[in-house]
file structure.txt (compact mmCIF, C-alpha atoms)
# COMPACT_ATOMS: atom_id res chain seq x y z
CA MET A 1 -32.68 41.88 6.94
CA ASN A 2 -33.12 38.28 7.91
CA ARG A 3 -35.29 37.59 4.92
CA LYS A 4 -34.69 34.31 3.18
CA PHE A 5 -33.15 34.56 -0.24
CA PHE A 6 -34.81 31.55 -1.78
CA SER A 7 -37.43 29.35 -0.20
CA LYS A 8 -38.65 25.99 -1.39
CA TYR A 9 -42.01 27.52 -2.23
CA ASP A 10 -40.39 29.77 -4.80
CA SER A 11 -39.91 26.98 -7.29
CA ILE A 12 -43.63 26.20 -6.96
CA LEU A 13 -44.42 29.88 -7.50
CA LEU A 14 -42.27 29.98 -10.63
CA LEU A 15 -43.83 26.78 -11.95
CA VAL A 16 -47.33 28.16 -11.42
CA ILE A 17 -46.41 31.39 -13.21
CA PHE A 18 -44.95 29.51 -16.18
CA LEU A 19 -48.04 27.31 -16.26
CA ILE A 20 -50.38 30.30 -16.29
CA ALA A 21 -48.24 31.94 -18.98
CA GLY A 22 -48.46 28.78 -21.06
CA VAL A 23 -52.22 28.53 -20.68
CA VAL A 24 -52.71 32.20 -21.56
CA TYR A 25 -50.43 31.71 -24.56
CA PHE A 26 -52.12 28.66 -26.01
CA TRP A 27 -55.72 29.52 -25.08
CA PRO A 28 -56.44 31.89 -28.01
CA ARG A 29 -54.57 29.64 -30.42
CA PHE A 30 -56.58 26.64 -29.39
CA PHE A 31 -59.92 28.42 -29.59
CA ALA A 32 -59.18 30.31 -32.80
CA GLU A 33 -61.86 30.38 -35.46
CA ASP A 34 -61.27 30.08 -39.18
CA GLN A 35 -61.68 33.61 -40.34
CA LYS A 36 -58.70 35.80 -39.59
CA THR A 37 -59.51 39.43 -38.96
CA VAL A 38 -57.13 42.28 -38.35
CA GLU A 39 -58.36 45.06 -36.11
CA ILE A 40 -56.65 48.42 -36.08
CA TYR A 41 -57.31 50.81 -33.22
CA ALA A 42 -56.23 54.43 -33.12
CA ASP A 43 -56.84 56.83 -30.24
CA THR A 44 -58.98 54.25 -28.39
CA ALA A 45 -61.34 53.72 -31.32
CA LEU A 46 -61.61 50.84 -33.76
CA VAL A 47 -60.83 52.37 -37.13
CA GLU A 48 -60.29 49.40 -39.42
CA GLN A 49 -61.48 45.84 -39.42
CA ILE A 50 -60.03 43.83 -42.25
CA ASP A 51 -60.95 40.31 -43.20
CA CYS A 52 -57.66 38.69 -44.19
CA SER A 53 -59.18 36.04 -46.46
CA GLN A 54 -60.73 38.75 -48.62
CA LEU A 55 -57.33 40.19 -49.45
CA LEU A 56 -55.74 39.06 -52.67
CA LYS A 57 -52.59 41.11 -52.30
CA PRO A 58 -51.02 42.87 -49.32
CA THR A 59 -52.60 46.21 -48.56
CA GLU A 60 -51.04 49.09 -46.71
CA TYR A 61 -52.85 51.28 -44.25
CA GLU A 62 -51.54 54.46 -42.73
CA ILE A 63 -52.90 55.59 -39.40
CA ASN A 64 -51.33 58.33 -37.23
CA GLY A 65 -48.18 57.99 -39.30
CA VAL A 66 -47.92 54.26 -38.65
CA VAL A 67 -47.78 52.17 -41.80
CA ILE A 68 -49.42 48.77 -41.45
CA GLU A 69 -49.31 46.04 -44.05
CA VAL A 70 -52.14 43.55 -44.00
CA SER A 71 -51.92 40.41 -46.09
CA SER A 72 -53.89 37.18 -46.21
CA ALA A 73 -51.40 35.59 -43.81
CA GLY A 74 -51.36 38.32 -41.20
CA ALA A 75 -50.34 41.85 -40.51
CA ARG A 76 -47.20 43.74 -39.67
CA ILE A 77 -46.22 47.28 -38.86
CA LEU A 78 -43.86 48.41 -41.59
CA SER A 79 -42.79 51.72 -40.16
CA SER A 80 -43.62 54.14 -37.42
CA PRO A 81 -42.37 57.63 -36.58
CA CYS A 82 -41.94 56.73 -32.89
CA PRO A 83 -38.42 56.66 -31.41
CA ASP A 84 -38.37 53.20 -29.84
CA GLN A 85 -39.69 51.18 -32.84
CA ILE A 86 -40.97 48.44 -30.55
CA CYS A 87 -44.04 47.96 -32.73
CA VAL A 88 -41.95 47.46 -35.87
CA ARG A 89 -39.69 44.92 -34.20
CA GLN A 90 -42.78 43.01 -33.10
CA GLY A 91 -42.76 41.47 -36.57
CA GLU A 92 -45.64 39.72 -38.25
CA LEU A 93 -48.87 38.97 -36.40
CA ARG A 94 -50.23 35.63 -37.49
CA GLU A 95 -52.11 33.94 -34.70
CA ASN A 96 -55.28 34.83 -32.86
CA GLY A 97 -54.44 37.24 -30.06
CA ASP A 98 -51.16 38.53 -31.50
CA THR A 99 -50.91 42.23 -30.85
CA ALA A 100 -48.59 45.04 -31.84
CA VAL A 101 -48.85 48.32 -30.01
CA CYS A 102 -47.29 51.65 -30.78
CA ALA A 103 -47.90 53.54 -27.57
CA PRO A 104 -46.43 56.90 -28.68
CA GLN A 105 -48.65 56.99 -31.81
CA ARG A 106 -51.55 55.36 -29.95
CA VAL A 107 -52.07 52.67 -32.56
CA VAL A 108 -52.92 49.04 -31.83
CA VAL A 109 -52.97 46.24 -34.39
CA LYS A 110 -54.69 43.14 -33.17
CA MET A 111 -55.20 39.76 -34.77
CA THR A 112 -58.55 38.19 -34.02
CA THR A 113 -60.55 35.41 -35.53
CA LYS A 114 -64.19 35.05 -36.30
CA GLU A 115 -66.43 32.19 -37.07
CA LYS A 116 -66.78 31.71 -40.79
CA LYS A 117 -70.29 32.52 -41.90
CA GLN A 118 -72.04 29.42 -43.07
CA GLN A 119 -73.75 30.11 -46.31
CA ASP A 120 -77.01 28.36 -46.95
CA ALA A 121 -76.62 28.46 -50.69
CA ILE A 122 -74.50 30.08 -53.29
CA VAL A 123 -76.31 31.07 -56.42
CA TYR A 124 -74.34 31.96 -59.51
CA MET B 1 -40.86 53.60 10.28
CA MET B 2 -37.62 52.62 11.98
CA CYS B 3 -34.50 53.05 9.98
CA LEU B 4 -32.58 50.01 9.04
CA ALA B 5 -29.42 51.04 10.79
CA ASP B 6 -31.40 51.18 14.00
CA MET B 7 -32.87 47.78 13.38
CA LYS B 8 -29.42 46.36 12.86
CA GLN B 9 -28.23 48.06 16.00
CA LYS B 10 -31.12 46.60 17.93
CA LYS B 11 -30.18 43.13 16.82
CA GLU B 12 -26.55 43.44 17.65
CA ASN B 13 -27.28 44.83 21.09
CA SER B 14 -29.05 41.95 22.72
CA PRO B 15 -31.08 42.89 25.85
CA SER B 16 -28.17 42.01 28.16
CA VAL B 17 -25.90 44.61 26.58
CA PRO B 18 -26.95 48.16 27.42
CA VAL B 19 -27.60 50.33 24.42
CA PRO B 20 -25.43 53.44 24.22
CA PRO B 21 -27.45 56.39 25.48
CA THR B 22 -27.00 58.49 22.39
CA ARG B 23 -28.24 55.73 20.16
CA GLU B 24 -31.10 55.10 22.51
CA ARG B 25 -32.14 58.71 22.40
CA GLN B 26 -31.83 58.74 18.66
CA LYS B 27 -33.95 55.68 18.41
CA GLN B 28 -36.63 57.16 20.62
CA GLN B 29 -36.60 60.29 18.56
CA GLY B 30 -36.72 58.30 15.40
CA LYS B 31 -39.74 56.45 16.66
CA ASN B 32 -41.61 59.49 17.87
CA LYS B 33 -41.05 61.96 15.09
CA LYS B 34 -40.65 61.63 11.40
CA LYS B 35 -37.31 61.83 9.59
CA SER B 36 -36.05 65.34 9.14
CA PRO B 37 -37.06 66.74 5.74
CA ALA B 38 -33.42 67.09 4.77
CA ARG B 39 -32.67 63.44 5.40
CA PHE B 40 -35.85 62.39 3.69
CA ALA B 41 -34.87 64.40 0.62
CA ALA B 42 -31.28 63.20 0.66
CA GLU B 43 -32.18 59.52 0.97
CA THR B 44 -34.96 59.73 -1.58
CA GLY B 45 -32.72 61.66 -3.95
CA ILE B 46 -29.95 59.11 -3.77
CA LEU B 47 -32.33 56.21 -4.25
CA ALA B 48 -34.11 57.89 -7.17
CA ALA B 49 -30.79 58.80 -8.77
CA LEU B 50 -29.69 55.19 -8.43
CA ALA B 51 -32.91 53.98 -10.03
CA LEU B 52 -32.51 56.39 -12.93
CA ALA B 53 -28.85 55.51 -13.39
CA LEU B 54 -29.70 51.81 -13.44
CA SER B 55 -32.45 52.25 -16.01
CA PHE B 56 -30.04 54.25 -18.15
CA LEU B 57 -27.40 51.54 -17.77
CA GLU B 58 -30.00 49.02 -18.81
CA SER B 59 -30.82 50.97 -21.96
CA LEU B 60 -27.16 50.62 -22.98
CA LEU B 61 -27.40 46.84 -22.99
CA PRO B 62 -27.53 45.44 -26.51
CA VAL B 63 -30.83 44.13 -27.87
CA VAL B 64 -30.97 40.37 -27.52
CA PRO B 65 -32.53 38.88 -30.66
CA PHE B 66 -34.75 36.21 -29.13
CA LEU B 67 -36.31 38.53 -26.58
CA PRO B 68 -39.65 40.11 -27.45
CA PRO B 69 -39.26 43.79 -28.32
CA GLY B 70 -39.56 46.10 -25.35
CA ALA B 71 -38.63 43.44 -22.79
CA LYS B 72 -36.36 44.93 -20.17
CA LEU B 73 -34.46 43.56 -17.22
CA GLY B 74 -35.92 46.07 -14.79
CA LEU B 75 -32.74 46.75 -12.88
CA ALA B 76 -34.27 49.93 -11.46
CA ASN B 77 -36.73 47.66 -9.72
CA THR B 78 -33.91 46.54 -7.42
CA VAL B 79 -33.71 50.06 -6.01
CA VAL B 80 -37.48 50.23 -5.56
CA MET B 81 -37.34 46.88 -3.78
CA PHE B 82 -34.55 48.08 -1.57
CA SER B 83 -36.45 51.21 -0.59
CA ALA B 84 -39.55 49.13 0.08
CA LEU B 85 -37.46 46.89 2.34
CA ALA B 86 -35.31 49.49 4.06
CA ALA B 87 -36.80 52.96 3.62
CA SER B 88 -40.16 54.44 4.55
CA VAL B 89 -43.34 54.12 2.50
CA PRO B 90 -43.44 57.78 1.36
CA GLN B 91 -39.83 57.49 0.24
CA THR B 92 -40.55 54.38 -1.77
CA LEU B 93 -43.52 56.04 -3.43
CA ALA B 94 -41.39 59.10 -4.14
CA VAL B 95 -38.74 56.96 -5.83
CA VAL B 96 -41.39 55.29 -8.00
CA PHE B 97 -42.88 58.65 -8.90
CA ILE B 98 -39.54 60.26 -9.77
CA LYS B 99 -38.58 57.26 -11.87
CA SER B 100 -41.78 57.62 -13.90
CA ALA B 101 -41.64 61.41 -13.98
CA PHE B 102 -38.26 61.17 -15.67
CA LEU B 103 -39.96 59.32 -18.50
CA LEU B 104 -42.39 62.23 -18.88
CA PHE B 105 -39.53 64.35 -20.20
CA GLN B 106 -37.85 61.53 -22.02
CA SER B 107 -40.65 59.88 -23.95
CA GLY B 108 -43.94 61.61 -23.27
CA ALA B 109 -47.12 61.48 -21.26
CA SER B 110 -48.35 58.05 -22.29
CA ALA B 111 -45.06 56.45 -21.31
CA PHE B 112 -45.28 58.26 -17.98
CA PHE B 113 -48.79 57.02 -17.32
CA ILE B 114 -47.93 53.44 -18.27
CA SER B 115 -44.78 53.45 -16.18
CA LEU B 116 -46.51 55.03 -13.20
CA CYS B 117 -49.33 52.46 -13.23
CA GLY B 118 -46.79 49.64 -13.37
CA GLY B 119 -44.67 51.16 -10.64
CA LEU B 120 -47.57 51.84 -8.31
CA LEU B 121 -49.09 48.38 -8.66
CA SER B 122 -45.68 46.77 -8.23
CA VAL B 123 -44.83 48.83 -5.17
CA SER B 124 -48.18 48.30 -3.47
CA VAL B 125 -47.88 44.55 -3.93
CA LEU B 126 -44.32 44.73 -2.59
CA LEU B 127 -45.23 46.79 0.46
CA ILE B 128 -48.15 44.53 1.32
CA LEU B 129 -46.06 41.36 0.94
CA ILE B 130 -43.25 42.80 3.05
CA ARG B 131 -45.69 43.78 5.81
CA ILE B 132 -47.10 40.25 6.06
CA ARG B 133 -44.49 38.93 8.45
CA ARG B 134 -46.09 35.53 8.86
CA LEU B 135 -45.50 34.67 5.22
CA SER B 136 -41.86 35.82 5.28
CA VAL B 137 -41.77 35.97 1.50
CA SER B 138 -38.31 35.23 0.15
CA MET B 139 -36.34 37.83 -1.80
CA ILE B 140 -36.64 35.94 -5.06
CA ALA B 141 -40.41 35.63 -4.67
CA LEU B 142 -40.70 39.32 -3.80
CA SER B 143 -38.71 40.23 -6.86
CA VAL B 144 -40.67 37.94 -9.18
CA VAL B 145 -44.08 39.00 -7.88
CA SER B 146 -43.21 42.69 -8.03
CA ALA B 147 -41.84 42.34 -11.56
CA ILE B 148 -45.03 40.63 -12.70
CA ALA B 149 -47.19 43.17 -10.88
CA HIS B 150 -45.21 45.89 -12.67
CA ASN B 151 -45.87 44.25 -16.01
CA ILE B 152 -49.56 43.76 -15.32
CA GLY B 153 -49.90 47.36 -14.15
CA GLN B 154 -48.31 48.53 -17.37
CA LEU B 155 -50.55 46.25 -19.39
CA ILE B 156 -53.65 47.63 -17.67
CA ALA B 157 -52.47 51.21 -18.28
CA ALA B 158 -51.69 50.47 -21.92
CA SER B 159 -55.09 48.80 -22.33
CA ILE B 160 -56.81 51.88 -20.89
CA LEU B 161 -54.83 54.17 -23.17
CA SER B 162 -55.37 52.14 -26.31
CA GLY B 163 -59.01 51.35 -25.63
CA THR B 164 -58.68 47.60 -26.14
CA GLY B 165 -57.54 44.74 -23.98
CA LEU B 166 -53.97 43.92 -24.89
CA TRP B 167 -54.04 40.47 -23.39
CA GLY B 168 -51.97 39.09 -26.25
CA TYR B 169 -48.96 40.43 -24.39
CA LEU B 170 -49.80 38.71 -21.12
CA PRO B 171 -47.99 35.37 -21.67
CA ALA B 172 -44.72 37.03 -22.61
CA LEU B 173 -45.04 39.50 -19.76
CA LEU B 174 -45.66 36.71 -17.24
CA PHE B 175 -42.85 34.56 -18.54
CA PHE B 176 -40.22 37.28 -18.76
CA GLY B 177 -41.47 38.86 -15.56
CA ALA B 178 -40.64 35.61 -13.79
CA VAL B 179 -37.29 35.12 -15.52
CA PHE B 180 -36.13 38.72 -15.08
CA GLY B 181 -37.62 38.82 -11.59
CA VAL B 182 -35.25 36.03 -10.58
CA ILE B 183 -32.33 37.89 -12.15
CA THR B 184 -33.13 41.19 -10.44
CA GLY B 185 -33.60 39.30 -7.18
CA VAL B 186 -30.08 37.95 -7.48
CA VAL B 187 -28.78 41.40 -8.41
CA LEU B 188 -30.49 42.88 -5.36
CA LYS B 189 -28.92 40.22 -3.17
CA VAL B 190 -25.53 41.28 -4.51
CA LEU B 191 -26.28 45.00 -4.22
CA MET B 192 -27.85 44.83 -0.76
CA PRO B 193 -24.63 45.27 1.31
CA ALA B 194 -23.53 48.24 -0.81
CA LEU B 195 -26.95 49.84 -0.54
CA PHE B 196 -27.01 49.38 3.22
CA LYS B 197 -23.61 51.00 3.48
CA LEU B 198 -24.91 53.91 1.48
CA GLN B 199 -27.94 54.33 3.68
CA ASN B 200 -25.98 53.96 6.91
CA SER B 201 -23.51 56.59 5.84
CA LEU B 202 -26.38 59.08 6.02
CA HIS B 203 -26.84 58.41 9.73
CA ARG B 204 -23.51 59.74 10.87
call {"tool": "encode", "arguments": {"input": "structure.txt", "output": "structure tokens"}}
result
Amino acid sequence: MNRKFFSKYDSILLLVIFLIAGVVYFWPRFFAEDQKTVEIYADTALVEQIDCSQLLKPTEYEINGVVIEVSSAGARILSSPCPDQICVRQGELRENGDTAVCAPQRVVVKMTTKEKKQQDAIVY
Amino acid sequence: MMCLADMKQKKENSPSVPVPPTRERQKQQGKNKKKSPARFAAETGILAALALALSFLESLLPVVPFLPPGAKLGLANTVVMFSALAASVPQTLAVVFIKSAFLLFQSGASAFFISLCGGLLSVSVLLILIRIRRLSVSMIALSVVSAIAHNIGQLIAASILSGTGLWGYLPALLFFGAVFGVITGVVLKVLMPALFKLQNSLHR
């Protein structure tokens, strides 16, 4: 095989890939809105949508055996019955776009943001 | 497709040197008819076994703390790359399929589907890039692009299965695909002579 091992274009390729990765990483953080929302999907359907700012203390949800803790700062998967525990090791989701997936239990926890509703007036 | 041993032979025997008649006949036969089913099975079996052994070896590696969970080196990809470079297309597809089918028994149907999507996207990108002779894509680039294609294929499969776009994973997948792609490319470079020896030993 007279294929080259490394060509000068490869460094350009790697640079472009890192650049794209950087853009994709910072894009949702840059365009995040104020209101943090945690979305929980199970078996391809959206089952919970929790507004983080409404939470006074951390709340636990259990879906398909996966225990998810949602607090005002973010969300994390506390435990899961799956063997690989990838979702648990994902840690806390804080920023817009952070995702934790438990493929065996078919549960997805996704951090999204929404625009804060502007209230015209608050009457007490 | 021509076997690699034959291609090597062809190179060594420049037009001035007559090719041994037996080799010549073999080559003609090799061109005209497909590999015998036994050789196909033997080669594919060895390659698939290698891929499985490498992915097992990889699972023994300790978890590195700063890596995102689930990130893997993808050493088995070296075998897939080798078969894409040196073996026939059906063989390469068979290796990819066996590698994923093993997961079916190990960790279930969803893992199988995700792995198969990644493997198929990766291998189609590989085979296309290898066929474009004018580009003469380097080994490192092949490895990096196939690793990233593998990751994106898996991401698409996982998105289909979970019902939402999981694009939050994309940056990490791109970044580590590139880093680990370079590593597996180097590993393949090191493994290449041994793999060739293995394949040539089947031609005796």
call {"tool": "interface_residues", "arguments": {"input": "structure.txt", "of": "chain A", "to": "chain B", "cutoff": "8 Å", "atoms": "all atoms listed in the file", "output": "ChimeraX atom specification"}}
result
/A:3-7,10,13-14,17-18,20-22,24-25,41-45,86-87,89-90,97-99,103-104,106-108
call {"tool": "write_last_selection", "arguments": {"input": "structure.txt", "atoms": "C-alpha atoms", "output": "compact mmCIF listing (two decimals), keeping the file's coordinate frame"}}
result
# COMPACT_ATOMS: atom_id res chain seq x y z
CA ARG A 3 -35.29 37.59 4.92
CA LYS A 4 -34.69 34.31 3.18
CA PHE A 5 -33.15 34.56 -0.24
CA PHE A 6 -34.81 31.55 -1.78
CA SER A 7 -37.43 29.35 -0.20
CA ASP A 10 -40.39 29.77 -4.80
CA LEU A 13 -44.42 29.88 -7.50
CA LEU A 14 -42.27 29.98 -10.63
CA ILE A 17 -46.41 31.39 -13.21
CA PHE A 18 -44.95 29.51 -16.18
CA ILE A 20 -50.38 30.30 -16.29
CA ALA A 21 -48.24 31.94 -18.98
CA GLY A 22 -48.46 28.78 -21.06
CA VAL A 24 -52.71 32.20 -21.56
CA TYR A 25 -50.43 31.71 -24.56
CA TYR A 41 -57.31 50.81 -33.22
CA ALA A 42 -56.23 54.43 -33.12
CA ASP A 43 -56.84 56.83 -30.24
CA THR A 44 -58.98 54.25 -28.39
CA ALA A 45 -61.34 53.72 -31.32
CA ILE A 86 -40.97 48.44 -30.55
CA CYS A 87 -44.04 47.96 -32.73
CA ARG A 89 -39.69 44.92 -34.20
CA GLN A 90 -42.78 43.01 -33.10
CA GLY A 97 -54.44 37.24 -30.06
CA ASP A 98 -51.16 38.53 -31.50
CA THR A 99 -50.91 42.23 -30.85
CA ALA A 103 -47.90 53.54 -27.57
CA PRO A 104 -46.43 56.90 -28.68
CA ARG A 106 -51.55 55.36 -29.95
CA VAL A 107 -52.07 52.67 -32.56
CA VAL A 108 -52.92 49.04 -31.83
call {"tool": "atom_distance", "arguments": {"input": "structure.txt", "atom1": "CA of Thr92 in chain B", "atom2": "CA of Phe56 in chain B"}}
result
19.5 Å
call {"tool": "atom_distance", "arguments": {"input": "structure.txt", "atom1": "CA of Val38 in chain A", "atom2": "CA of Val123 in chain A"}}
result
28.6 Å
call {"tool": "axis_aligned_box", "arguments": {"input": "structure.txt", "around": "range 81-93 of chain A", "padding_each_side": "8 Å", "output": "AutoDock Vina command-line options"}}
result
--center_x -43.6 --center_y 48.3 --center_z -34.0 --size_x 26.5 --size_y 34.7 --size_z 24.4
call {"tool": "atom_distance", "arguments": {"input": "structure.txt", "atom1": "CA of Gln49 in chain A", "atom2": "CA of Ala100 in chain A"}}
result
15.0 Å
call {"tool": "residues_near_point", "arguments": {"input": "structure.txt", "point": "(-40.1, 48.9, -42.4)", "cutoff": "9 Å", "atoms": "all atoms listed in the file", "output": "PyMOL selection string"}}
result
chain A and resi 67+77-80+88
call {"tool": "residues_near_point", "arguments": {"input": "structure.txt", "point": "(-60.1, 30.4, -36.2)", "cutoff": "10 Å", "atoms": "all atoms listed in the file", "output": "PDB file with C-alpha atoms, keeping the file's coordinate frame"}}
result
ATOM      1  CA  PRO A  28     -56.440  31.890 -28.010  1.00  0.00           C
ATOM      2  CA  ARG A  29     -54.570  29.640 -30.420  1.00  0.00           C
ATOM      3  CA  PHE A  30     -56.580  26.640 -29.390  1.00  0.00           C
ATOM      4  CA  PHE A  31     -59.920  28.420 -29.590  1.00  0.00           C
ATOM      5  CA  ALA A  32     -59.180  30.310 -32.800  1.00  0.00           C
ATOM      6  CA  GLU A  33     -61.860  30.380 -35.460  1.00  0.00           C
ATOM      7  CA  ASP A  34     -61.270  30.080 -39.180  1.00  0.00           C
ATOM      8  CA  GLN A  35     -61.680  33.610 -40.340  1.00  0.00           C
ATOM      9  CA  LYS A  36     -58.700  35.800 -39.590  1.00  0.00           C
ATOM     10  CA  THR A  37     -59.510  39.430 -38.960  1.00  0.00           C
ATOM     11  CA  GLU A  95     -52.110  33.940 -34.700  1.00  0.00           C
ATOM     12  CA  ASN A  96     -55.280  34.830 -32.860  1.00  0.00           C
ATOM     13  CA  THR A 112     -58.550  38.190 -34.020  1.00  0.00           C
ATOM     14  CA  THR A 113     -60.550  35.410 -35.530  1.00  0.00           C
ATOM     15  CA  LYS A 114     -64.190  35.050 -36.300  1.00  0.00           C
ATOM     16  CA  GLU A 115     -66.430  32.190 -37.070  1.00  0.00           C
ATOM     17  CA  LYS A 116     -66.780  31.710 -40.790  1.00  0.00           C
TER      18      LYS A 116
END
call {"tool": "closest_residue", "arguments": {"input": "structure.txt", "among": "A:Val109, A:Ser72, A:Gly65, A:Glu39", "to": "Cys52 in chain A", "atoms": "all atoms listed in the file"}}
result
A:Ser72
call {"tool": "closest_residue", "arguments": {"input": "structure.txt", "among": "B:Gly153, B:Pro193, B:Pro65, B:Pro90", "to": "Cys117 in chain B", "atoms": "all atoms listed in the file"}}
result
B:Gly153
call {"tool": "residues_around", "arguments": {"input": "structure.txt", "residues": "Ala49 in chain B", "least_positions_apart": "6", "cutoff": "10 Å", "atoms": "only C-alpha atoms", "output": "PyMOL selection string"}}
result
chain B and resi 43+55+76+79+95+98-99
